[in-house]
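Text of data_14.txt (compact mmCIF, C-alpha atoms and all ligand atoms) as supplied:
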```txt
# COMPACT_ATOMS: atom_id res chain seq x y z
CA MET A 8 0.00 0.00 0.00
CA LYS A 9 1.22 3.50 -0.79
CA PRO A 10 2.04 5.61 2.27
CA ILE A 11 -0.55 8.09 3.49
CA LEU A 12 0.26 11.50 2.02
CA PRO A 13 0.68 14.47 4.42
CA VAL A 14 -1.98 17.11 3.67
CA GLY A 15 -1.82 20.92 3.86
CA ILE A 16 -4.05 23.94 3.38
CA ALA A 17 -2.85 25.80 0.29
CA GLY A 18 -5.36 28.64 0.25
CA ILE A 19 -8.13 30.28 2.29
CA GLY A 20 -10.86 32.70 1.19
CA SER A 21 -14.24 34.06 2.21
CA TYR A 22 -17.06 36.25 0.98
CA VAL A 23 -19.80 38.08 2.85
CA PRO A 24 -22.64 39.97 1.18
CA GLU A 25 -22.75 43.75 1.49
CA GLY A 26 -26.24 44.03 3.01
CA ARG A 27 -26.26 44.54 6.79
CA LEU A 28 -29.06 43.79 9.23
CA THR A 29 -28.38 45.65 12.47
CA ASN A 30 -29.89 45.18 15.91
CA ALA A 31 -31.67 48.50 15.36
CA ASP A 32 -33.26 47.07 12.18
CA LEU A 33 -34.43 44.00 14.14
CA GLU A 34 -35.97 46.22 16.83
CA LYS A 35 -38.40 47.38 14.11
CA MET A 36 -39.27 43.79 13.09
CA VAL A 37 -39.77 41.91 16.39
CA ASP A 38 -40.10 42.65 20.11
CA THR A 39 -36.39 42.86 20.95
CA SER A 40 -33.70 45.42 21.78
CA ASP A 41 -30.11 46.12 20.84
CA GLU A 42 -29.22 45.77 24.52
CA TRP A 43 -30.81 42.27 24.83
CA ILE A 44 -29.19 40.97 21.67
CA LEU A 45 -25.74 42.35 22.49
CA GLN A 46 -25.81 41.14 26.08
CA ARG A 47 -27.15 37.64 25.35
CA THR A 48 -25.31 36.93 22.09
CA GLY A 49 -22.56 39.49 21.38
CA ILE A 50 -24.04 40.14 17.92
CA ARG A 51 -24.25 43.70 16.57
CA GLU A 52 -25.10 43.01 12.93
CA ARG A 53 -25.28 40.23 10.32
CA ARG A 54 -24.81 40.20 6.57
CA ILE A 55 -27.85 39.48 4.38
CA ALA A 56 -27.50 38.37 0.76
CA ARG A 57 -29.26 40.10 -2.13
CA GLN A 58 -32.12 38.23 -3.77
CA ASP A 59 -29.90 37.25 -6.71
CA GLU A 60 -27.13 35.96 -4.42
CA ILE A 61 -27.59 32.32 -3.48
CA ALA A 62 -25.51 29.65 -1.75
CA SER A 63 -23.56 28.76 -4.89
CA THR A 64 -22.80 32.33 -6.01
CA MET A 65 -21.46 33.29 -2.57
CA GLY A 66 -19.53 30.01 -2.49
CA ILE A 67 -18.00 30.78 -5.88
CA GLU A 68 -16.72 34.16 -4.64
CA ALA A 69 -15.15 32.58 -1.54
CA ALA A 70 -13.66 29.77 -3.66
CA ARG A 71 -12.13 32.27 -6.14
CA ARG A 72 -10.32 33.97 -3.26
CA ALA A 73 -9.11 30.65 -1.82
CA LEU A 74 -7.87 29.48 -5.24
CA GLU A 75 -6.08 32.78 -5.82
CA ASP A 76 -4.46 32.47 -2.37
CA ALA A 77 -3.41 28.90 -3.25
CA ARG A 78 -2.09 30.08 -6.64
CA MET A 79 -4.09 27.27 -8.17
CA ALA A 80 -6.19 27.28 -11.36
CA PRO A 81 -9.79 25.99 -11.08
CA ASP A 82 -9.08 23.13 -13.50
CA GLU A 83 -6.46 21.73 -11.12
CA ILE A 84 -9.22 20.89 -8.61
CA ASP A 85 -10.46 17.32 -8.88
CA MET A 86 -12.90 17.29 -5.95
CA VAL A 87 -15.40 19.97 -4.88
CA LEU A 88 -17.07 19.63 -1.49
CA CYS A 89 -19.81 22.02 -0.45
CA SER A 90 -21.17 22.20 3.08
CA THR A 91 -24.56 23.89 3.36
CA VAL A 92 -28.02 23.64 4.93
CA THR A 93 -29.34 26.19 2.44
CA PRO A 94 -28.54 24.56 -0.91
CA ASP A 95 -29.56 26.32 -4.12
CA GLN A 96 -32.33 23.69 -4.38
CA PRO A 97 -32.91 20.17 -2.90
CA PHE A 98 -30.94 18.63 -5.76
CA PRO A 99 -28.68 18.59 -7.73
CA ALA A 100 -25.98 19.30 -5.19
CA THR A 101 -24.79 22.91 -4.81
CA CYS A 102 -21.18 21.78 -5.44
CA CYS A 103 -22.22 21.20 -9.10
CA ALA A 104 -23.20 24.85 -9.53
CA ILE A 105 -19.99 25.96 -7.80
CA ALA A 106 -17.83 23.79 -10.08
CA HIS A 107 -19.72 25.06 -13.14
CA GLY A 108 -19.43 28.69 -12.03
CA LEU A 109 -15.67 28.30 -11.64
CA GLY A 110 -15.35 26.75 -15.10
CA MET A 111 -14.28 23.33 -13.81
CA ASN A 112 -15.05 20.44 -16.06
CA ARG A 113 -13.25 17.47 -14.59
CA ALA A 114 -13.92 17.69 -10.85
CA GLY A 115 -16.17 15.32 -8.95
CA GLY A 116 -17.87 16.31 -5.74
CA PHE A 117 -20.78 16.20 -3.35
CA ASP A 118 -22.51 18.26 -0.69
CA ILE A 119 -22.02 17.76 3.03
CA GLU A 120 -25.01 18.24 5.29
CA ALA A 121 -23.76 18.37 8.86
CA ALA A 122 -25.19 21.83 9.62
CA CYS A 123 -22.85 24.04 11.68
CA SER A 124 -20.29 21.21 11.93
CA GLY A 125 -20.16 20.81 8.13
CA PHE A 126 -17.02 22.81 7.43
CA VAL A 127 -15.03 21.10 10.20
CA TYR A 128 -16.29 17.73 8.90
CA GLY A 129 -15.38 18.85 5.38
CA ILE A 130 -11.74 19.48 6.26
CA GLN A 131 -11.48 15.89 7.50
CA ILE A 132 -13.30 14.50 4.45
CA GLY A 133 -11.23 16.56 2.00
CA ALA A 134 -7.98 15.72 3.78
CA SER A 135 -8.87 12.00 3.63
CA PHE A 136 -9.27 12.20 -0.15
CA VAL A 137 -5.89 13.90 -0.54
CA ALA A 138 -4.15 11.63 1.97
CA SER A 139 -5.40 8.49 0.25
CA ARG A 140 -4.49 9.93 -3.18
CA ALA A 141 -8.12 9.63 -4.31
CA ALA A 142 -7.89 13.34 -5.20
CA ARG A 143 -4.92 15.64 -5.65
CA ASN A 144 -6.53 19.00 -4.95
CA VAL A 145 -9.79 19.46 -3.04
CA LEU A 146 -11.86 22.64 -2.87
CA LEU A 147 -14.01 22.82 0.27
CA VAL A 148 -16.70 25.49 0.44
CA GLY A 149 -18.99 26.33 3.36
CA THR A 150 -21.82 28.60 2.23
CA GLU A 151 -25.14 29.66 3.68
CA LYS A 152 -28.05 31.89 2.81
CA LEU A 153 -29.66 31.40 6.22
CA SER A 154 -31.86 34.47 5.68
CA THR A 155 -34.02 32.21 3.48
CA ILE A 156 -34.85 29.84 6.37
CA VAL A 157 -34.92 32.33 9.25
CA ASP A 158 -38.39 33.34 10.44
CA TYR A 159 -38.19 37.11 10.84
CA LYS A 160 -41.33 36.92 13.03
CA ASP A 161 -39.55 34.69 15.60
CA ARG A 162 -37.38 36.74 17.94
CA ASN A 163 -35.87 33.56 19.43
CA THR A 164 -34.01 32.82 16.20
CA CYS A 165 -34.02 35.81 13.84
CA VAL A 166 -31.46 37.78 15.83
CA LEU A 167 -28.87 35.01 15.65
CA PHE A 168 -28.20 34.18 12.00
CA GLY A 169 -26.57 35.69 8.91
CA ASP A 170 -25.35 34.86 5.37
CA GLY A 171 -21.86 34.28 3.96
CA ALA A 172 -19.33 31.80 2.61
CA GLY A 173 -15.78 30.58 3.14
CA ALA A 174 -13.47 28.14 1.39
CA VAL A 175 -10.15 26.32 1.64
CA VAL A 176 -8.01 24.43 -0.87
CA LEU A 177 -6.52 21.17 0.42
CA THR A 178 -3.59 19.53 -1.30
CA SER A 179 -0.40 17.64 -0.48
CA LEU A 180 1.65 19.29 2.28
CA GLU A 181 4.56 19.37 -0.14
CA ARG A 182 2.64 21.57 -2.57
CA ALA A 183 0.76 23.61 0.06
CA GLY A 184 3.92 24.31 2.05
CA ARG A 185 1.81 25.23 5.11
CA GLY A 186 -1.30 24.37 7.09
CA GLU A 187 -0.41 20.78 7.95
CA TYR A 188 -3.56 18.81 8.70
CA LEU A 189 -3.03 16.90 11.95
CA GLY A 190 -6.38 15.10 12.27
CA GLY A 191 -9.77 15.64 13.76
CA HIS A 192 -12.93 14.15 15.13
CA MET A 193 -16.54 13.84 13.95
CA GLY A 194 -19.35 12.94 16.38
CA MET A 195 -23.13 12.83 16.33
CA GLU A 196 -25.95 12.08 18.75
CA GLY A 197 -29.04 11.98 16.54
CA GLY A 198 -32.72 12.04 17.43
CA ALA A 199 -32.60 15.79 17.89
CA GLU A 200 -34.83 17.01 15.05
CA ASP A 201 -37.08 18.87 17.50
CA ILE A 202 -34.16 20.77 19.07
CA LEU A 203 -32.83 22.43 15.93
CA GLY A 204 -33.90 22.07 12.32
CA VAL A 205 -36.29 22.94 9.49
CA PRO A 206 -39.26 20.58 9.95
CA GLY A 207 -41.03 21.17 6.61
CA GLY A 208 -40.19 20.45 2.98
CA GLY A 209 -38.54 17.04 3.37
CA SER A 210 -39.92 13.50 3.18
CA ARG A 211 -41.22 13.67 6.78
CA HIS A 212 -43.41 16.71 6.11
CA PRO A 213 -43.45 17.30 2.33
CA ALA A 214 -44.26 20.82 1.18
CA SER A 215 -47.99 21.52 1.35
CA HIS A 216 -50.28 24.45 2.06
CA GLU A 217 -50.36 23.25 5.65
CA THR A 218 -46.58 23.19 6.10
CA VAL A 219 -46.34 26.70 4.68
CA GLU A 220 -49.21 28.00 6.84
CA LYS A 221 -47.55 26.52 9.93
CA ARG A 222 -44.23 28.18 8.98
CA MET A 223 -42.53 24.78 8.94
CA HIS A 224 -40.08 25.85 6.21
CA TYR A 225 -38.32 28.06 8.71
CA MET A 226 -35.76 27.09 11.31
CA HIS A 227 -37.14 25.97 14.67
CA MET A 228 -34.89 25.91 17.73
CA GLY A 229 -34.93 25.14 21.42
CA GLY A 230 -32.34 27.82 22.27
CA THR A 231 -31.58 27.09 25.90
CA ARG A 232 -31.03 23.38 25.26
CA VAL A 233 -28.64 24.25 22.45
CA PHE A 234 -26.82 26.66 24.79
CA ARG A 235 -26.03 23.96 27.36
CA PHE A 236 -25.03 21.43 24.72
CA ALA A 237 -22.84 23.99 22.96
CA VAL A 238 -20.79 25.00 26.01
CA ALA A 239 -20.15 21.39 27.05
CA THR A 240 -19.33 20.22 23.51
CA MET A 241 -17.00 23.10 22.65
CA ALA A 242 -15.02 22.55 25.85
CA GLU A 243 -14.86 18.76 25.39
CA GLN A 244 -13.73 19.07 21.78
CA ILE A 245 -10.93 21.53 22.60
CA GLU A 246 -9.68 19.30 25.43
CA LEU A 247 -9.84 16.17 23.27
CA ALA A 248 -8.08 17.89 20.36
CA MET A 249 -5.22 19.43 22.33
CA LYS A 250 -4.59 16.57 24.79
CA PRO A 251 -1.84 14.92 22.70
CA TYR A 252 -0.06 18.26 22.15
CA GLY A 253 -0.63 20.41 25.25
CA TYR A 254 -1.91 24.00 25.26
CA GLN A 255 1.61 25.42 24.86
CA GLN A 256 1.40 24.34 21.20
CA LEU A 257 -1.98 26.01 20.67
CA GLY A 258 -2.11 29.01 18.36
CA LEU A 259 -5.77 29.95 18.07
CA VAL A 260 -9.07 28.25 18.69
CA VAL A 261 -11.28 29.08 15.70
CA PRO A 262 -14.71 28.20 17.06
CA HIS A 263 -18.11 28.04 15.46
CA GLN A 264 -19.43 31.58 15.92
CA VAL A 265 -22.51 30.59 17.86
CA ASN A 266 -22.79 33.07 20.71
CA GLN A 267 -20.17 35.22 22.47
CA ARG A 268 -21.35 33.91 25.86
CA ILE A 269 -21.07 30.27 24.76
CA ILE A 270 -17.51 30.88 23.55
CA GLU A 271 -16.58 32.69 26.78
CA ALA A 272 -18.12 29.94 28.95
CA ALA A 273 -16.21 27.25 27.01
CA ALA A 274 -12.95 29.23 27.33
CA GLU A 275 -13.45 29.44 31.07
CA ARG A 276 -14.26 25.73 31.32
CA VAL A 277 -11.02 24.69 29.57
CA GLY A 278 -8.99 27.36 31.40
CA LEU A 279 -7.87 29.32 28.34
CA PRO A 280 -7.93 33.14 28.03
CA ILE A 281 -10.59 34.45 25.62
CA GLU A 282 -7.75 36.03 23.56
CA LYS A 283 -6.90 32.50 22.38
CA PHE A 284 -10.30 32.38 20.62
CA PHE A 285 -10.93 34.11 17.30
CA VAL A 286 -14.34 35.78 17.52
CA ASN A 287 -16.09 37.79 14.80
CA ILE A 288 -19.69 37.03 15.78
CA ASP A 289 -20.38 40.72 16.46
CA ARG A 290 -20.25 41.42 12.71
CA TYR A 291 -21.74 38.29 11.15
CA GLY A 292 -23.83 36.36 13.70
CA ASN A 293 -24.01 32.61 13.23
CA THR A 294 -23.49 31.64 9.57
CA SER A 295 -23.61 27.84 10.16
CA SER A 296 -21.42 26.04 7.57
CA ALA A 297 -19.64 29.29 6.73
CA SER A 298 -18.91 30.37 10.29
CA VAL A 299 -15.59 28.61 10.99
CA ALA A 300 -14.52 29.20 7.37
CA ILE A 301 -15.04 32.98 7.51
CA ALA A 302 -13.37 33.17 10.93
CA LEU A 303 -10.38 31.15 9.69
CA ASP A 304 -9.98 33.46 6.69
CA GLU A 305 -10.18 36.61 8.81
CA ALA A 306 -7.70 35.21 11.34
CA TYR A 307 -5.35 34.29 8.47
CA ARG A 308 -5.57 37.67 6.74
CA ALA A 309 -5.10 39.48 10.07
CA GLY A 310 -1.83 37.55 10.60
CA ARG A 311 -3.28 35.75 13.63
CA LEU A 312 -2.28 32.21 12.51
CA GLU A 313 1.05 31.86 14.24
CA LYS A 314 3.65 29.86 12.32
CA GLY A 315 4.38 26.44 13.83
CA LYS A 316 1.39 26.64 16.21
CA ILE A 317 -1.71 24.47 16.11
CA GLN A 318 -5.00 26.06 15.05
CA CYS A 319 -7.99 24.25 16.54
CA MET A 320 -11.24 24.55 14.59
CA VAL A 321 -14.21 23.40 16.61
CA ALA A 322 -17.92 23.25 15.77
CA PHE A 323 -21.25 21.73 16.77
CA GLY A 324 -24.87 22.14 15.81
CA ALA A 325 -28.01 20.49 14.48
CA GLY A 326 -28.03 16.73 14.54
CA MET A 327 -26.73 17.07 17.19
CA ALA A 328 -23.36 16.83 15.49
CA TRP A 329 -19.94 18.08 16.56
CA GLY A 330 -16.29 17.89 15.61
CA HIS A 331 -12.88 19.49 15.47
CA SER A 332 -10.06 19.73 12.93
CA LEU A 333 -6.45 20.55 13.76
CA VAL A 334 -4.01 22.32 11.49
CA ARG A 335 -0.40 23.27 12.25
CA TRP A 336 0.26 26.57 10.47
C1 LIG B 401 -31.14 31.87 22.11
C2 LIG B 401 -30.26 32.44 23.20
C3 LIG B 401 -29.55 33.69 22.69
C4 LIG B 401 -31.16 32.85 24.38
O1 LIG B 401 -30.35 33.37 25.39
P1 LIG B 401 -30.59 32.90 26.88
O2 LIG B 401 -29.67 33.67 27.75
O3 LIG B 401 -30.49 31.42 26.90
O4 LIG B 401 -32.04 33.39 27.11
P2 LIG B 401 -32.91 33.09 28.40
O5 LIG B 401 -33.30 31.66 28.40
O6 LIG B 401 -32.24 33.62 29.61
O7 LIG B 401 -34.14 33.99 28.10
C5 LIG B 401 -35.08 33.60 27.20
C6 LIG B 401 -36.14 34.69 27.25
O8 LIG B 401 -35.73 35.71 26.37
C7 LIG B 401 -36.72 35.91 25.41
N1 LIG B 401 -36.10 36.23 24.13
C8 LIG B 401 -35.66 35.36 23.19
N2 LIG B 401 -35.17 36.02 22.15
C9 LIG B 401 -35.29 37.34 22.44
C10 LIG B 401 -34.96 38.50 21.75
N3 LIG B 401 -34.41 38.47 20.53
N4 LIG B 401 -35.21 39.69 22.34
C11 LIG B 401 -35.76 39.76 23.55
N5 LIG B 401 -36.12 38.67 24.26
C12 LIG B 401 -35.87 37.47 23.70
C13 LIG B 401 -37.45 34.60 25.32
O9 LIG B 401 -38.76 34.78 24.81
C14 LIG B 401 -37.47 34.18 26.76
O10 LIG B 401 -38.49 34.86 27.41
P3 LIG B 401 -39.41 34.13 28.51
O11 LIG B 401 -38.46 33.73 29.61
O12 LIG B 401 -40.37 35.19 28.90
O13 LIG B 401 -40.00 32.96 27.81
C15 LIG B 401 -29.21 31.43 23.67
O14 LIG B 401 -29.85 30.37 24.36
C16 LIG B 401 -28.39 30.86 22.53
O15 LIG B 401 -27.60 31.53 21.92
N6 LIG B 401 -28.55 29.57 22.26
C17 LIG B 401 -27.84 28.91 21.17
C18 LIG B 401 -28.61 29.14 19.92
C19 LIG B 401 -27.85 28.83 18.66
O16 LIG B 401 -26.94 29.51 18.30
N7 LIG B 401 -28.24 27.80 17.97
C20 LIG B 401 -27.59 27.36 16.80
C21 LIG B 401 -26.55 26.39 17.21
S1 LIG B 401 -25.55 25.89 15.93
```
Translate the structure described by the file into structure tokens.
Amino acid sequence: MKPILPVGIAGIGSYVPEGRLTNADLEKMVDTSDEWILQRTGIRERRIARQDEIASTMGIEAARRALEDARMAPDEIDMVLCSTVTPDQPFPATCCAIAHGLGMNRAGGFDIEAACSGFVYGIQIGASFVASRAARNVLLVGTEKLSTIVDYKDRNTCVLFGDGAGAVVLTSLERAGRGEYLGGHMGMEGGAEDILGVPGGGSRHPASHETVEKRMHYMHMGGTRVFRFAVATMAEQIELAMKPYGYQQLGLVVPHQVNQRIIEAAAERVGLPIEKFFVNIDRYGNTSSASVAIALDEAYRAGRLEKGKIQCMVAFGAGMAWGHSLVRW
């Protein structure tokens, strides 16, 4: 058997739409206040895509930036992975539209549906393809137009979410020259459809007048239960990830941007200062599949990925699913 090939991250990119939805805007839509939102979540504003911007078009923009950063032409990619819970349509997969939009004609691919954990799962899936030599160069995109499934009459959810996309290019460590993939973890509990999800429009409750009238095509969430799960899972994943290395090797934790308080509580639980966590939730809210990807790109472009140190990406969400991916920069 051929040896497993070391894998690296060759390029990182992201894209957020220009439209902003501020807390002041939300005050006019539901019974809420800037003070409540900021105190309970840390969010000041989120980006909202234009009507003609969809998951694939935002994903294409993020992918272009990641490819440019990797100095790689689109036709060098042989696998396109797209993580999203807001695909362009139920099928075909959104990765097909992304590949087409980038002018690729020889790449295979598929979509990953692991909600907010999707991008962290995707790094492990993409790295496995490269490591096993099933693909040479993998493009991974996390993209969401959550504004299409958020119920702007439900104050419990509408203040939390935003739109955007991020991408990475995975290839052999030799070619990438940086971002060595060290491994990761994917976990899942299941049986949690009532805690977080979109109940309508699938085979359980196919689209009908009734599902539309009952607003079942929007996201439903049991917020407090998610809060407890999120704090415990984020802390457990960081501890599990860093145990073999020790915190002295840790560069940054790049967490799913779920809630400033959840991130702070997890930091306290694992005994790390909040400065070790990259947080941009104030500007984007929770963008699900795109959240870790956008944060990674911003950390990278701000020079926050310290050379030689381990960057710990950690996520969790609907499913309930969770995971982490480790990269030595
Ligand atoms: C949703 C969340 C912000 C609520 O914060 P919290 O501190 O747990 O809120 P509390 O339970 O203390 O308070 C809930 C109360 O605030 C109210 N409330 C909810 N949203 C509100 C809003 N936007 N404005 C004002 N009040 C709001 C609720 O109606 C509830 O009122 P009640 O007690 O009269 O029923 C928090 O639980 C959270 O972030 N959970 C994770 C959600 C998430 O990100 N899910 C996706 C995971 S990938």
**Asked** Please, which residues have at least one atom within 6 Å of an atom of ligand LIG 401 (chain B), using all atoms listed in the file, listed as a PyMOL selection string?
**Response** chain A and resi 39-40+43-44+47-48+123+162-163+166+230-231+233-234+265-266+324
Take the residues from that selection and put them in a file with C-alpha atoms, as an mmCIF file, keeping the file's coordinate frame.
```cif
data_model
loop_
_atom_site.group_PDB
_atom_site.id
_atom_site.type_symbol
_atom_site.label_atom_id
_atom_site.label_comp_id
_atom_site.auth_asym_id
_atom_site.auth_seq_id
_atom_site.Cartn_x
_atom_site.Cartn_y
_atom_site.Cartn_z
ATOM 1 C CA THR A 39 -36.390 42.860 20.950
ATOM 2 C CA SER A 40 -33.700 45.420 21.780
ATOM 3 C CA TRP A 43 -30.810 42.270 24.830
ATOM 4 C CA ILE A 44 -29.190 40.970 21.670
ATOM 5 C CA ARG A 47 -27.150 37.640 25.350
ATOM 6 C CA THR A 48 -25.310 36.930 22.090
ATOM 7 C CA CYS A 123 -22.850 24.040 11.680
ATOM 8 C CA ARG A 162 -37.380 36.740 17.940
ATOM 9 C CA ASN A 163 -35.870 33.560 19.430
ATOM 10 C CA VAL A 166 -31.460 37.780 15.830
ATOM 11 C CA GLY A 230 -32.340 27.820 22.270
ATOM 12 C CA THR A 231 -31.580 27.090 25.900
ATOM 13 C CA VAL A 233 -28.640 24.250 22.450
ATOM 14 C CA PHE A 234 -26.820 26.660 24.790
ATOM 15 C CA VAL A 265 -22.510 30.590 17.860
ATOM 16 C CA ASN A 266 -22.790 33.070 20.710
ATOM 17 C CA GLY A 324 -24.870 22.140 15.810
#
```
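The interatomic distance for the pair CA of Gly129 in chain A and CA of Gln58 in chain A works out to 27.2 Å.
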**Message:** Show me, as an MDAnalysis selection string, the residues that have an atom within 12 Å of Leu147 in chain A when counting all atoms listed in the file, minus same-chain residues fewer than 2 positions from it.
**Reply:** chainID A and resid 16:21 66:67 69:71 73:74 84:91 101:102 105:106 116:119 125:134 136 144:145 149:150 172:178 296:297 300
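Proximity ranking of A:Arg182, A:His263, A:Lys35, A:His224 relative to Phe284 in chain A places A:His263 first, based on all atoms listed in the file.
Environment of (-19.8, 39.6, 7.1): residues at most 6 Å away, judged by all atoms listed in the file, are Val23, Arg54, Arg290 and Tyr291 of chain A.
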**Request:** Using all atoms listed in the file, determine which residues lie at most 12 Å from Asp59 in chain A, disregarding the query and same-chain residues fewer than 4 positions distant; provide the list as a list in words.
**Result:** Pro24, Ile55, Ser63, Thr64, Met65, Asp95 and Lys152 of chain A
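With only C-alpha atoms as the atoms that count, the residue of A:Ile11, A:Val148, A:Ile288, A:Ile317 with the shortest distance to Ile50 in chain A is A:Ile288.
Across the model, the gap from CA of Ser210 in chain A to CA of Ile156 in chain A is 17.4 Å.
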